[in-house]
>>> print(open('entry.cif').read())   # mmCIF, C-alpha atoms
data_input
loop_
_atom_site.group_PDB
_atom_site.id
_atom_site.type_symbol
_atom_site.label_atom_id
_atom_site.label_comp_id
_atom_site.auth_asym_id
_atom_site.auth_seq_id
_atom_site.Cartn_x
_atom_site.Cartn_y
_atom_site.Cartn_z
ATOM 1 C CA MET A 1 -32.011 -28.724 -20.767
ATOM 2 C CA LEU A 2 -32.827 -26.116 -18.122
ATOM 3 C CA GLU A 3 -30.121 -27.511 -15.852
ATOM 4 C CA GLN A 4 -27.590 -27.250 -18.697
ATOM 5 C CA ILE A 5 -28.549 -23.619 -19.363
ATOM 6 C CA ARG A 6 -28.358 -22.879 -15.654
ATOM 7 C CA PHE A 7 -24.874 -24.467 -15.461
ATOM 8 C CA LEU A 8 -23.724 -22.363 -18.408
ATOM 9 C CA ASN A 9 -25.103 -19.216 -16.785
ATOM 10 C CA ILE A 10 -23.257 -19.974 -13.544
ATOM 11 C CA GLY A 11 -20.065 -20.672 -15.497
ATOM 12 C CA ASP A 12 -20.403 -17.382 -17.382
ATOM 13 C CA PHE A 13 -21.033 -15.562 -14.100
ATOM 14 C CA VAL A 14 -17.885 -17.034 -12.498
ATOM 15 C CA VAL A 15 -15.762 -16.129 -15.535
ATOM 16 C CA ALA A 16 -17.189 -12.584 -15.550
ATOM 17 C CA LEU A 17 -16.528 -12.268 -11.812
ATOM 18 C CA ILE A 18 -12.899 -13.368 -12.246
ATOM 19 C CA ASP A 19 -12.515 -10.975 -15.183
ATOM 20 C CA ILE A 20 -13.884 -8.016 -13.184
ATOM 21 C CA THR A 21 -11.759 -8.879 -10.124
ATOM 22 C CA ILE A 22 -8.534 -9.043 -12.137
ATOM 23 C CA MET A 23 -9.375 -5.759 -13.886
ATOM 24 C CA ALA A 24 -10.130 -4.083 -10.541
ATOM 25 C CA LEU A 25 -6.797 -5.260 -9.102
ATOM 26 C CA LEU A 26 -4.931 -3.993 -12.179
ATOM 27 C CA LEU A 27 -6.625 -0.590 -11.947
ATOM 28 C CA TYR A 28 -5.861 -0.421 -8.223
ATOM 29 C CA ARG A 29 -2.175 -1.177 -8.828
ATOM 30 C CA PHE A 30 -2.128 1.378 -11.636
ATOM 31 C CA PHE A 31 -3.531 4.139 -9.422
ATOM 32 C CA ILE A 32 -1.117 3.245 -6.606
ATOM 33 C CA LEU A 33 1.753 3.407 -9.098
ATOM 34 C CA ILE A 34 0.883 6.841 -10.532
ATOM 35 C CA ARG A 35 -0.240 8.468 -7.277
ATOM 36 C CA GLY A 36 1.859 11.567 -6.600
ATOM 37 C CA THR A 37 3.510 11.515 -10.036
ATOM 38 C CA ARG A 38 3.154 13.662 -13.150
ATOM 39 C CA ALA A 39 0.943 10.953 -14.636
ATOM 40 C CA VAL A 40 -1.995 12.143 -12.498
ATOM 41 C CA GLN A 41 -2.001 15.522 -14.213
ATOM 42 C CA LEU A 42 -1.560 13.763 -17.548
ATOM 43 C CA ILE A 43 -4.686 11.648 -17.030
ATOM 44 C CA LYS A 44 -6.687 14.742 -16.077
ATOM 45 C CA GLY A 45 -5.522 16.457 -19.253
ATOM 46 C CA ILE A 46 -6.441 13.430 -21.390
ATOM 47 C CA VAL A 47 -9.933 13.282 -19.852
ATOM 48 C CA VAL A 48 -10.460 16.988 -20.588
ATOM 49 C CA LEU A 49 -9.220 16.481 -24.169
ATOM 50 C CA LEU A 50 -11.558 13.523 -24.770
ATOM 51 C CA VAL A 51 -14.554 15.400 -23.363
ATOM 52 C CA ALA A 52 -13.737 18.483 -25.434
ATOM 53 C CA THR A 53 -13.366 16.341 -28.574
ATOM 54 C CA THR A 54 -16.757 14.698 -28.020
ATOM 55 C CA VAL A 55 -18.490 18.007 -27.259
ATOM 56 C CA SER A 56 -16.981 19.728 -30.309
ATOM 57 C CA GLN A 57 -18.191 16.865 -32.504
ATOM 58 C CA TRP A 58 -21.656 16.996 -30.976
ATOM 59 C CA LEU A 59 -21.879 20.783 -31.485
ATOM 60 C CA LYS A 60 -20.532 20.391 -35.045
ATOM 61 C CA LEU A 61 -17.515 22.618 -34.365
ATOM 62 C CA TYR A 62 -15.574 20.959 -37.158
ATOM 63 C CA THR A 63 -12.446 23.117 -37.043
ATOM 64 C CA ILE A 64 -12.000 22.721 -33.277
ATOM 65 C CA ASN A 65 -12.794 19.013 -33.538
ATOM 66 C CA TRP A 66 -10.189 18.552 -36.288
ATOM 67 C CA LEU A 67 -7.586 20.313 -34.116
ATOM 68 C CA LEU A 68 -8.384 18.249 -31.021
ATOM 69 C CA VAL A 69 -8.314 14.961 -32.952
ATOM 70 C CA ASN A 70 -4.863 15.808 -34.338
ATOM 71 C CA ILE A 71 -3.598 16.784 -30.864
ATOM 72 C CA ARG A 72 -4.815 13.425 -29.580
ATOM 73 C CA THR A 73 -2.872 11.668 -32.346
ATOM 74 C CA MET A 74 0.310 13.601 -31.513
ATOM 75 C CA LEU A 75 -0.031 12.680 -27.840
ATOM 76 C CA LEU A 76 0.107 8.975 -28.693
ATOM 77 C CA VAL A 77 3.612 9.550 -30.070
ATOM 78 C CA ALA A 78 4.818 12.081 -27.488
ATOM 79 C CA LEU A 79 3.650 10.425 -24.251
ATOM 80 C CA PRO A 80 6.067 7.438 -24.257
ATOM 81 C CA ILE A 81 8.956 9.894 -24.679
ATOM 82 C CA VAL A 82 7.837 12.423 -22.062
ATOM 83 C CA PHE A 83 6.983 9.787 -19.456
ATOM 84 C CA GLN A 84 9.871 7.416 -20.091
ATOM 85 C CA PRO A 85 11.004 7.300 -16.398
ATOM 86 C CA GLU A 86 7.506 6.388 -15.168
ATOM 87 C CA LEU A 87 7.033 3.725 -17.846
ATOM 88 C CA ARG A 88 10.479 2.307 -17.155
ATOM 89 C CA ARG A 89 9.797 2.091 -13.428
ATOM 90 C CA ALA A 90 6.419 0.419 -14.039
ATOM 91 C CA LEU A 91 7.962 -2.249 -16.271
ATOM 92 C CA GLU A 92 10.766 -2.843 -13.763
ATOM 93 C CA GLN A 93 8.254 -3.332 -10.963
ATOM 94 C CA LEU A 94 6.396 -5.899 -13.073
ATOM 95 C CA GLY A 95 9.620 -7.875 -13.278
ATOM 96 C CA HIS A 96 10.232 -7.837 -9.544
ATOM 97 C CA SER A 97 8.968 -10.712 -7.449
ATOM 98 C CA PRO A 98 7.446 -9.580 -4.101
ATOM 99 C CA ALA A 99 8.843 -12.708 -2.455
ATOM 100 C CA MET A 100 12.400 -12.139 -3.704
ATOM 101 C CA LEU A 101 14.970 -10.381 -1.538
ATOM 102 C CA ASN A 102 17.400 -7.943 -3.099
ATOM 103 C CA ARG A 103 20.133 -9.885 -4.893
ATOM 104 C CA ALA A 104 22.784 -7.508 -3.545
ATOM 105 C CA PHE A 105 21.856 -8.464 0.018
ATOM 106 C CA VAL A 106 20.597 -12.036 -0.407
ATOM 107 C CA LEU A 107 23.976 -13.582 0.486
ATOM 108 C CA LEU A 108 24.169 -11.628 3.743
ATOM 109 C CA GLY A 109 22.716 -13.029 6.922
ATOM 110 C CA GLU A 110 20.143 -11.234 9.050
ATOM 111 C CA GLU A 111 22.834 -10.049 11.442
ATOM 112 C CA ASP A 112 24.990 -8.633 8.625
ATOM 113 C CA LEU A 113 22.025 -6.823 7.093
ATOM 114 C CA SER A 114 21.129 -5.311 10.447
ATOM 115 C CA LYS A 115 24.735 -4.164 10.831
ATOM 116 C CA VAL A 116 24.704 -2.407 7.433
ATOM 117 C CA ILE A 117 21.416 -0.673 8.294
ATOM 118 C CA ASP A 118 22.713 0.308 11.721
ATOM 119 C CA GLN A 119 25.953 1.765 10.308
ATOM 120 C CA VAL A 120 24.121 3.770 7.628
ATOM 121 C CA ALA A 121 21.567 5.077 10.143
ATOM 122 C CA ARG A 122 24.291 5.997 12.658
ATOM 123 C CA ALA A 123 26.247 7.860 10.002
ATOM 124 C CA ALA A 124 23.148 9.735 8.814
ATOM 125 C CA ASP A 125 22.229 10.671 12.392
ATOM 126 C CA ALA A 126 25.736 11.933 13.211
ATOM 127 C CA MET A 127 25.989 13.933 9.963
ATOM 128 C CA SER A 128 22.517 15.328 10.561
ATOM 129 C CA ARG A 129 23.564 16.760 13.933
ATOM 130 C CA GLN A 130 26.682 18.300 12.362
ATOM 131 C CA LYS A 131 24.803 19.431 9.223
ATOM 132 C CA ILE A 132 27.103 17.538 6.881
ATOM 133 C CA GLY A 133 25.479 16.927 3.502
ATOM 134 C CA ALA A 134 25.385 13.291 2.356
ATOM 135 C CA LEU A 135 23.806 11.010 -0.235
ATOM 136 C CA ILE A 136 23.976 7.241 0.384
ATOM 137 C CA VAL A 137 22.462 4.802 -2.120
ATOM 138 C CA LEU A 138 21.773 1.172 -1.238
ATOM 139 C CA GLU A 139 21.600 -1.081 -4.288
ATOM 140 C CA ARG A 140 18.831 -3.666 -4.344
ATOM 141 C CA GLU A 141 17.744 -5.879 -7.248
ATOM 142 C CA THR A 142 18.568 -3.447 -10.061
ATOM 143 C CA ARG A 143 22.326 -3.284 -10.603
ATOM 144 C CA LEU A 144 23.875 0.195 -10.475
ATOM 145 C CA GLY A 145 27.122 -0.642 -12.270
ATOM 146 C CA ASP A 146 26.791 2.256 -14.728
ATOM 147 C CA TYR A 147 26.528 4.758 -11.871
ATOM 148 C CA ILE A 148 29.303 3.098 -9.854
ATOM 149 C CA GLU A 149 31.631 3.592 -12.808
ATOM 150 C CA THR A 150 31.071 7.364 -12.704
ATOM 151 C CA GLY A 151 32.611 7.586 -9.205
ATOM 152 C CA ILE A 152 35.848 6.708 -7.435
ATOM 153 C CA PRO A 153 36.184 2.935 -6.746
ATOM 154 C CA ILE A 154 36.480 2.050 -3.049
ATOM 155 C CA ASP A 155 35.210 -1.489 -2.287
ATOM 156 C CA GLY A 156 35.442 -0.967 1.464
ATOM 157 C CA GLN A 157 33.516 -2.298 4.440
ATOM 158 C CA VAL A 158 30.443 -0.280 5.417
ATOM 159 C CA SER A 159 30.935 1.615 8.667
ATOM 160 C CA ALA A 160 29.513 4.832 10.099
ATOM 161 C CA GLU A 161 32.974 6.299 10.581
ATOM 162 C CA PHE A 162 33.988 5.539 6.993
ATOM 163 C CA LEU A 163 30.821 7.136 5.607
ATOM 164 C CA MET A 164 31.282 10.248 7.747
ATOM 165 C CA ASN A 165 34.881 10.565 6.599
ATOM 166 C CA ILE A 166 33.833 10.363 2.938
ATOM 167 C CA PHE A 167 31.304 13.186 3.264
ATOM 168 C CA MET A 168 33.493 15.446 5.392
ATOM 169 C CA PRO A 169 33.393 18.963 3.819
ATOM 170 C CA ARG A 170 36.322 20.039 1.607
ATOM 171 C CA THR A 171 37.453 16.457 0.963
ATOM 172 C CA PRO A 172 37.847 14.988 -2.566
ATOM 173 C CA LEU A 173 34.887 12.577 -2.218
ATOM 174 C CA HIS A 174 32.466 14.971 -0.513
ATOM 175 C CA ASP A 175 30.398 15.736 -3.627
ATOM 176 C CA GLY A 176 28.337 13.037 -5.297
ATOM 177 C CA ALA A 177 26.831 9.828 -3.952
ATOM 178 C CA VAL A 178 28.130 6.758 -2.164
ATOM 179 C CA ILE A 179 26.779 3.483 -3.561
ATOM 180 C CA ILE A 180 26.565 0.424 -1.287
ATOM 181 C CA ARG A 181 26.248 -3.131 -2.599
ATOM 182 C CA GLY A 182 25.659 -5.725 0.095
ATOM 183 C CA ASP A 183 27.989 -4.794 2.960
ATOM 184 C CA ARG A 184 30.547 -3.031 0.724
ATOM 185 C CA ILE A 185 30.921 0.616 -0.239
ATOM 186 C CA MET A 186 31.522 0.183 -3.961
ATOM 187 C CA ALA A 187 32.274 3.793 -4.932
ATOM 188 C CA ALA A 188 32.002 7.422 -3.840
ATOM 189 C CA ALA A 189 31.539 10.733 -5.674
ATOM 190 C CA CYS A 190 29.145 9.008 -8.088
ATOM 191 C CA PHE A 191 26.943 10.975 -10.478
ATOM 192 C CA LEU A 192 23.228 10.163 -10.392
ATOM 193 C CA PRO A 193 20.343 11.175 -12.687
ATOM 194 C CA LEU A 194 18.267 14.106 -11.424
ATOM 195 C CA THR A 195 14.497 13.826 -11.181
ATOM 196 C CA ASP A 196 12.337 15.832 -13.571
ATOM 197 C CA SER A 197 9.538 16.146 -11.018
ATOM 198 C CA THR A 198 8.039 19.625 -10.808
ATOM 199 C CA SER A 199 6.294 18.915 -7.500
ATOM 200 C CA LEU A 200 9.529 18.857 -5.493
ATOM 201 C CA SER A 201 9.872 21.689 -2.969
ATOM 202 C CA VAL A 202 12.120 24.548 -4.095
ATOM 203 C CA GLU A 203 14.023 24.326 -0.806
ATOM 204 C CA LEU A 204 15.391 20.912 -1.783
ATOM 205 C CA GLY A 205 18.667 20.888 -3.684
ATOM 206 C CA SER A 206 20.578 18.639 -6.049
ATOM 207 C CA ARG A 207 21.132 15.854 -3.474
ATOM 208 C CA HIS A 208 17.404 15.337 -3.021
ATOM 209 C CA ARG A 209 16.808 15.541 -6.772
ATOM 210 C CA ALA A 210 19.543 12.959 -7.355
ATOM 211 C CA ALA A 211 18.065 10.688 -4.648
ATOM 212 C CA LEU A 212 14.646 10.822 -6.296
ATOM 213 C CA GLY A 213 16.227 10.396 -9.720
ATOM 214 C CA ILE A 214 18.023 7.156 -8.843
ATOM 215 C CA SER A 215 14.862 5.832 -7.158
ATOM 216 C CA GLU A 216 12.924 6.572 -10.367
ATOM 217 C CA HIS A 217 15.469 4.807 -12.588
ATOM 218 C CA SER A 218 15.949 1.780 -10.312
ATOM 219 C CA ASP A 219 14.647 0.086 -7.154
ATOM 220 C CA ALA A 220 17.540 1.490 -5.099
ATOM 221 C CA VAL A 221 16.998 3.201 -1.748
ATOM 222 C CA ALA A 222 18.674 6.572 -1.155
ATOM 223 C CA VAL A 223 19.355 8.235 2.202
ATOM 224 C CA VAL A 224 19.880 12.011 2.073
ATOM 225 C CA VAL A 225 21.199 14.377 4.731
ATOM 226 C CA SER A 226 20.566 18.066 4.064
ATOM 227 C CA GLU A 227 23.603 20.303 4.414
ATOM 228 C CA GLU A 228 21.417 23.350 5.142
ATOM 229 C CA THR A 229 18.991 21.933 7.728
ATOM 230 C CA GLY A 230 20.445 18.552 8.750
ATOM 231 C CA THR A 231 17.134 16.885 7.836
ATOM 232 C CA ILE A 232 17.314 13.165 7.035
ATOM 233 C CA SER A 233 15.221 11.984 4.076
ATOM 234 C CA LEU A 234 14.727 8.659 2.333
ATOM 235 C CA ALA A 235 13.842 8.166 -1.347
ATOM 236 C CA ASN A 236 12.296 5.010 -2.780
ATOM 237 C CA GLY A 237 10.159 4.349 -5.845
ATOM 238 C CA GLY A 238 10.115 8.015 -6.856
ATOM 239 C CA LYS A 239 8.792 9.055 -3.419
ATOM 240 C CA LEU A 240 10.554 11.106 -0.757
ATOM 241 C CA ILE A 241 9.864 11.037 2.962
ATOM 242 C CA ARG A 242 11.556 13.682 5.098
ATOM 243 C CA HIS A 243 12.294 14.616 8.723
ATOM 244 C CA LEU A 244 13.278 11.108 9.805
ATOM 245 C CA GLU A 245 14.742 10.245 13.188
ATOM 246 C CA ILE A 246 17.313 7.448 13.458
ATOM 247 C CA LYS A 247 14.753 4.937 14.764
ATOM 248 C CA ALA A 248 12.319 5.568 11.897
ATOM 249 C CA LEU A 249 15.170 5.429 9.380
ATOM 250 C CA LYS A 250 16.287 2.025 10.671
ATOM 251 C CA GLU A 251 12.728 0.675 10.530
ATOM 252 C CA MET A 252 12.197 1.833 6.957
ATOM 253 C CA LEU A 253 15.544 0.532 5.747
ATOM 254 C CA GLY A 254 14.814 -2.779 7.443
ATOM 255 C CA ALA A 255 11.385 -2.978 5.774
ATOM 256 C CA LEU A 256 12.859 -2.156 2.363
ATOM 257 C CA ILE A 257 15.989 -4.290 2.387
ATOM 258 C CA GLN A 258 15.191 -7.191 4.683
ATOM 259 C CA THR A 259 11.544 -8.099 4.289
ATOM 260 C CA LYS A 260 9.626 -6.002 1.734
ATOM 261 C CA PRO A 261 11.594 -5.240 -1.429
ATOM 262 C CA ASN A 262 8.612 -3.577 -3.117
ATOM 263 C CA PHE A 263 7.626 -1.368 -0.188
ATOM 264 C CA ILE A 264 6.723 2.136 -1.526
ATOM 265 C CA PHE A 265 5.921 5.188 0.535
ATOM 266 C CA SER A 266 2.356 6.408 0.570
ATOM 267 C CA ARG A 267 3.278 10.019 1.309
ATOM 268 C CA SER A 268 5.845 12.429 -0.085
#
>>> encode(input="entry.cif", output="structure tokens")
Amino acid sequence: MLEQIRFLNIGDFVVALIDITIMALLLYRFFILIRGTRAVQLIKGIVVLLVATTVSQWLKLYTINWLLVNIRTMLLVALPIVFQPELRRALEQLGHSPAMLNRAFVLLGEEDLSKVIDQVARAADAMSRQKIGALIVLERETRLGDYIETGIPIDGQVSAEFLMNIFMPRTPLHDGAVIIRGDRIMAAACFLPLTDSTSLSVELGSRHRAALGISEHSDAVAVVVSEETGTISLANGGKLIRHLEIKALKEMLGALIQTKPNFIFSRS
């Protein structure tokens, strides 16, 4: 009888350990996902609201407690609307397999992928030195057909010279984004959604906001060249990393497109 009880206790302990481990991993992934986003401030506000509600009830401040309880109820309806981009990105990431390469690039060999990365990096480096503004989006698993349709169809081979020619100032395709699928430039002068982030530096313009916006709405990678400073930046997963040299840009694009589709920057 004692041995049976002991076996049950060990079984319960193992189940509890598995339960706690899974919950810890989920919380860790959740905090990694929201780090650097508006959701951090949201959670702080919710904690303050819950504490204030409990304190007002304890002190028998009935009017204040009634108001706080009703605000809490309204938040349950408002939050999914206000934080739609973050929720959408979280659900999309759940559907992505870490072992799966981007469908847009899966048919290309290693050499072809390296060539695309090299051409994009060369173009960004050359435009950076000449301070030519550019926005280049590389499609990954999430299809960008809706955004491609907003631009001018091209369907041309990716090359540094072609990209530089597209973004040459005072040309018809200069404004907007270029979208690349596989080793083809699908369209230019495309319109992208702008990020709603309030933490973005005021010195960054519409190109950087569009790069962050498309990375929030999809798993695409966006390369930005600043027209004012010539700085090269890369947006992925709602994060922006700036002041990249050509070598670092190639390494990051290689990590994102070739080997680690769910790679997300840890700094903005």
>>> closest_residue(input="entry.cif", among="A:Leu204, A:Val47, A:Leu144, A:Ala24", to="Ile232 of chain A", atoms="only C-alpha atoms")
A:Leu204
>>> resolve_selection(input="entry.cif", expression="the PyMOL selection byres ((chain A and resi 251-254) around 9)", output="short mmCIF file (atom, residue, chain, number, x, y, z; two decimals) with C-alpha atoms, in the coordinates of the input")
data_model
loop_
_atom_site.label_atom_id
_atom_site.label_comp_id
_atom_site.auth_asym_id
_atom_site.auth_seq_id
_atom_site.Cartn_x
_atom_site.Cartn_y
_atom_site.Cartn_z
CA LEU A 113 22.02 -6.82 7.09
CA SER A 114 21.13 -5.31 10.45
CA ILE A 117 21.42 -0.67 8.29
CA ALA A 121 21.57 5.08 10.14
CA VAL A 221 17.00 3.20 -1.75
CA LEU A 234 14.73 8.66 2.33
CA ILE A 246 17.31 7.45 13.46
CA LYS A 247 14.75 4.94 14.76
CA ALA A 248 12.32 5.57 11.90
CA LEU A 249 15.17 5.43 9.38
CA LYS A 250 16.29 2.02 10.67
CA ALA A 255 11.38 -2.98 5.77
CA LEU A 256 12.86 -2.16 2.36
CA ILE A 257 15.99 -4.29 2.39
CA GLN A 258 15.19 -7.19 4.68
CA THR A 259 11.54 -8.10 4.29
CA LYS A 260 9.63 -6.00 1.73
#
>>> resolve_selection(input="entry.cif", expression="the PyMOL selection byres ((chain A and resi 194-202) around 9)", output="short mmCIF file (atom, residue, chain, number, x, y, z; two decimals) with C-alpha atoms, in the coordinates of the input")
data_model
loop_
_atom_site.label_atom_id
_atom_site.label_comp_id
_atom_site.auth_asym_id
_atom_site.auth_seq_id
_atom_site.Cartn_x
_atom_site.Cartn_y
_atom_site.Cartn_z
CA GLY A 36 1.86 11.57 -6.60
CA THR A 37 3.51 11.52 -10.04
CA ARG A 38 3.15 13.66 -13.15
CA LEU A 192 23.23 10.16 -10.39
CA PRO A 193 20.34 11.18 -12.69
CA GLU A 203 14.02 24.33 -0.81
CA LEU A 204 15.39 20.91 -1.78
CA GLY A 205 18.67 20.89 -3.68
CA SER A 206 20.58 18.64 -6.05
CA ARG A 207 21.13 15.85 -3.47
CA HIS A 208 17.40 15.34 -3.02
CA ARG A 209 16.81 15.54 -6.77
CA ALA A 210 19.54 12.96 -7.36
CA ALA A 211 18.07 10.69 -4.65
CA LEU A 212 14.65 10.82 -6.30
CA GLY A 213 16.23 10.40 -9.72
CA ILE A 214 18.02 7.16 -8.84
CA SER A 215 14.86 5.83 -7.16
CA GLU A 216 12.92 6.57 -10.37
CA GLY A 238 10.12 8.02 -6.86
#
>>> residues_near_point(input="entry.cif", point="(35.5, 3.6, -3.9)", cutoff="6 Å", atoms="only C-alpha atoms", output="list in words")
Ile152, Pro153, Ile154, Asp155, Met186, Ala187 and Ala188 of chain A
>>> atom_distance(input="entry.cif", atom1="atom CA of Leu244 of chain A", atom2="atom CA of Thr231 of chain A")
7.2 Å
>>> residues_near_point(input="entry.cif", point="(29.1, 7.2, -8.3)", cutoff="7 Å", atoms="all atoms listed in the file", output="MDAnalysis selection string")
chainID A and resid 147:152 176:179 187:192
>>> write_last_selection(input="entry.cif", atoms="C-alpha atoms", output="PDB file, in the frame of the given file")
ATOM      1  CA  TYR A 147      26.528   4.758 -11.871  1.00  0.00           C
ATOM      2  CA  ILE A 148      29.303   3.098  -9.854  1.00  0.00           C
ATOM      3  CA  GLU A 149      31.631   3.592 -12.808  1.00  0.00           C
ATOM      4  CA  THR A 150      31.071   7.364 -12.704  1.00  0.00           C
ATOM      5  CA  GLY A 151      32.611   7.586  -9.205  1.00  0.00           C
ATOM      6  CA  ILE A 152      35.848   6.708  -7.435  1.00  0.00           C
ATOM      7  CA  GLY A 176      28.337  13.037  -5.297  1.00  0.00           C
ATOM      8  CA  ALA A 177      26.831   9.828  -3.952  1.00  0.00           C
ATOM      9  CA  VAL A 178      28.130   6.758  -2.164  1.00  0.00           C
ATOM     10  CA  ILE A 179      26.779   3.483  -3.561  1.00  0.00           C
ATOM     11  CA  ALA A 187      32.274   3.793  -4.932  1.00  0.00           C
ATOM     12  CA  ALA A 188      32.002   7.422  -3.840  1.00  0.00           C
ATOM     13  CA  ALA A 189      31.539  10.733  -5.674  1.00  0.00           C
ATOM     14  CA  CYS A 190      29.145   9.008  -8.088  1.00  0.00           C
ATOM     15  CA  PHE A 191      26.943  10.975 -10.478  1.00  0.00           C
ATOM     16  CA  LEU A 192      23.228  10.163 -10.392  1.00  0.00           C
TER      17      LEU A 192
END
>>> residues_around(input="entry.cif", residues="Ala222 of chain A", least_positions_apart="6", cutoff="7 Å", atoms="all atoms listed in the file", output="list in words")
Leu135, Ile136, Val137, Leu138, Ala211, Leu234, Ala235 and Asn236 of chain A
>>> closest_residue(input="entry.cif", among="A:Leu42, A:Trp58, A:Val51, A:Val225", to="Leu79 of chain A", atoms="only C-alpha atoms")
A:Leu42
>>> residues_around(input="entry.cif", residues="Val158 of chain A", least_positions_apart="2", cutoff="6 Å", atoms="all atoms listed in the file", output="ChimeraX atom specification")
/A:183-185
>>> atom_distance(input="entry.cif", atom1="atom CA of Gln119 of chain A", atom2="atom CA of Asp219 of chain A")
20.9 Å
>>> atom_distance(input="entry.cif", atom1="atom CA of Leu240 of chain A", atom2="atom CA of Ala134 of chain A")
15.3 Å
>>> residues_around(input="entry.cif", residues="Met168 of chain A", least_positions_apart="4", cutoff="9 Å", atoms="only C-alpha atoms", output="MDAnalysis selection string")
chainID A and resid 127 132:134 163:164 173:174
>>> axis_aligned_box(input="entry.cif", around="segment 55-65 of chain A", padding_each_side="5 Å", output="AutoDock Vina command-line options")
--center_x -16.9 --center_y 20.0 --center_z -32.2 --size_x 19.9 --size_y 16.3 --size_z 19.9
>>> closest_residue(input="entry.cif", among="A:Leu17, A:Leu49, A:Val55, A:Ile43", to="Ile71 of chain A", atoms="all atoms listed in the file")
A:Leu49
>>> resolve_selection(input="entry.cif", expression="the PyMOL selection byres ((chain A and resi 50) around 12)", output="JSON, numbers by chain")
{"A": [43, 44, 45, 46, 47, 48, 49, 51, 52, 53, 54, 55, 56, 57, 65, 68, 69, 70, 71, 72, 73, 75]}
>>> write_last_selection(input="entry.cif", atoms="C-alpha atoms", output="compact mmCIF listing (two decimals), in the frame of the given file")
# COMPACT_ATOMS: atom_id res chain seq x y z
CA ILE A 43 -4.69 11.65 -17.03
CA LYS A 44 -6.69 14.74 -16.08
CA GLY A 45 -5.52 16.46 -19.25
CA ILE A 46 -6.44 13.43 -21.39
CA VAL A 47 -9.93 13.28 -19.85
CA VAL A 48 -10.46 16.99 -20.59
CA LEU A 49 -9.22 16.48 -24.17
CA VAL A 51 -14.55 15.40 -23.36
CA ALA A 52 -13.74 18.48 -25.43
CA THR A 53 -13.37 16.34 -28.57
CA THR A 54 -16.76 14.70 -28.02
CA VAL A 55 -18.49 18.01 -27.26
CA SER A 56 -16.98 19.73 -30.31
CA GLN A 57 -18.19 16.86 -32.50
CA ASN A 65 -12.79 19.01 -33.54
CA LEU A 68 -8.38 18.25 -31.02
CA VAL A 69 -8.31 14.96 -32.95
CA ASN A 70 -4.86 15.81 -34.34
CA ILE A 71 -3.60 16.78 -30.86
CA ARG A 72 -4.82 13.42 -29.58
CA THR A 73 -2.87 11.67 -32.35
CA LEU A 75 -0.03 12.68 -27.84
>>> closest_residue(input="entry.cif", among="A:Glu227, A:Asp146, A:Glu141, A:Glu111", to="Asp175 of chain A", atoms="only C-alpha atoms")
A:Glu227
>>> build_atoms(input="entry.cif", residues="segment 116-128 of chain A", atoms="N, CA and C atoms", output="PDB file, in the coordinates of the input")
ATOM      1  N   VAL A 116      24.629  -3.409   8.500  1.00  0.00           N
ATOM      2  CA  VAL A 116      24.704  -2.407   7.433  1.00  0.00           C
ATOM      3  C   VAL A 116      23.703  -1.285   7.694  1.00  0.00           C
ATOM      4  N   ILE A 117      22.454  -1.669   8.019  1.00  0.00           N
ATOM      5  CA  ILE A 117      21.416  -0.673   8.294  1.00  0.00           C
ATOM      6  C   ILE A 117      21.801   0.199   9.474  1.00  0.00           C
ATOM      7  N   ASP A 118      22.318  -0.437  10.526  1.00  0.00           N
ATOM      8  CA  ASP A 118      22.713   0.308  11.721  1.00  0.00           C
ATOM      9  C   ASP A 118      23.836   1.301  11.415  1.00  0.00           C
ATOM     10  N   GLN A 119      24.822   0.896  10.632  1.00  0.00           N
ATOM     11  CA  GLN A 119      25.953   1.765  10.308  1.00  0.00           C
ATOM     12  C   GLN A 119      25.498   2.952   9.453  1.00  0.00           C
ATOM     13  N   VAL A 120      24.635   2.689   8.484  1.00  0.00           N
ATOM     14  CA  VAL A 120      24.121   3.770   7.628  1.00  0.00           C
ATOM     15  C   VAL A 120      23.283   4.748   8.444  1.00  0.00           C
ATOM     16  N   ALA A 121      22.420   4.214   9.311  1.00  0.00           N
ATOM     17  CA  ALA A 121      21.567   5.077  10.143  1.00  0.00           C
ATOM     18  C   ALA A 121      22.401   5.891  11.129  1.00  0.00           C
ATOM     19  N   ARG A 122      23.417   5.275  11.730  1.00  0.00           N
ATOM     20  CA  ARG A 122      24.291   5.997  12.658  1.00  0.00           C
ATOM     21  C   ARG A 122      25.031   7.126  11.949  1.00  0.00           C
ATOM     22  N   ALA A 123      25.528   6.840  10.761  1.00  0.00           N
ATOM     23  CA  ALA A 123      26.247   7.860  10.002  1.00  0.00           C
ATOM     24  C   ALA A 123      25.324   9.015   9.641  1.00  0.00           C
ATOM     25  N   ALA A 124      24.108   8.690   9.183  1.00  0.00           N
ATOM     26  CA  ALA A 124      23.148   9.735   8.814  1.00  0.00           C
ATOM     27  C   ALA A 124      22.784  10.583  10.022  1.00  0.00           C
ATOM     28  N   ASP A 125      22.589   9.939  11.180  1.00  0.00           N
ATOM     29  CA  ASP A 125      22.229  10.671  12.392  1.00  0.00           C
ATOM     30  C   ASP A 125      23.358  11.606  12.831  1.00  0.00           C
ATOM     31  N   ALA A 126      24.587  11.114  12.806  1.00  0.00           N
ATOM     32  CA  ALA A 126      25.736  11.933  13.211  1.00  0.00           C
ATOM     33  C   ALA A 126      25.943  13.103  12.249  1.00  0.00           C
ATOM     34  N   MET A 127      25.825  12.847  10.935  1.00  0.00           N
ATOM     35  CA  MET A 127      25.989  13.933   9.963  1.00  0.00           C
ATOM     36  C   MET A 127      24.839  14.923  10.027  1.00  0.00           C
ATOM     37  N   SER A 128      23.665  14.441  10.402  1.00  0.00           N
ATOM     38  CA  SER A 128      22.517  15.328  10.561  1.00  0.00           C
ATOM     39  C   SER A 128      22.761  16.344  11.673  1.00  0.00           C
TER      40      SER A 128
END
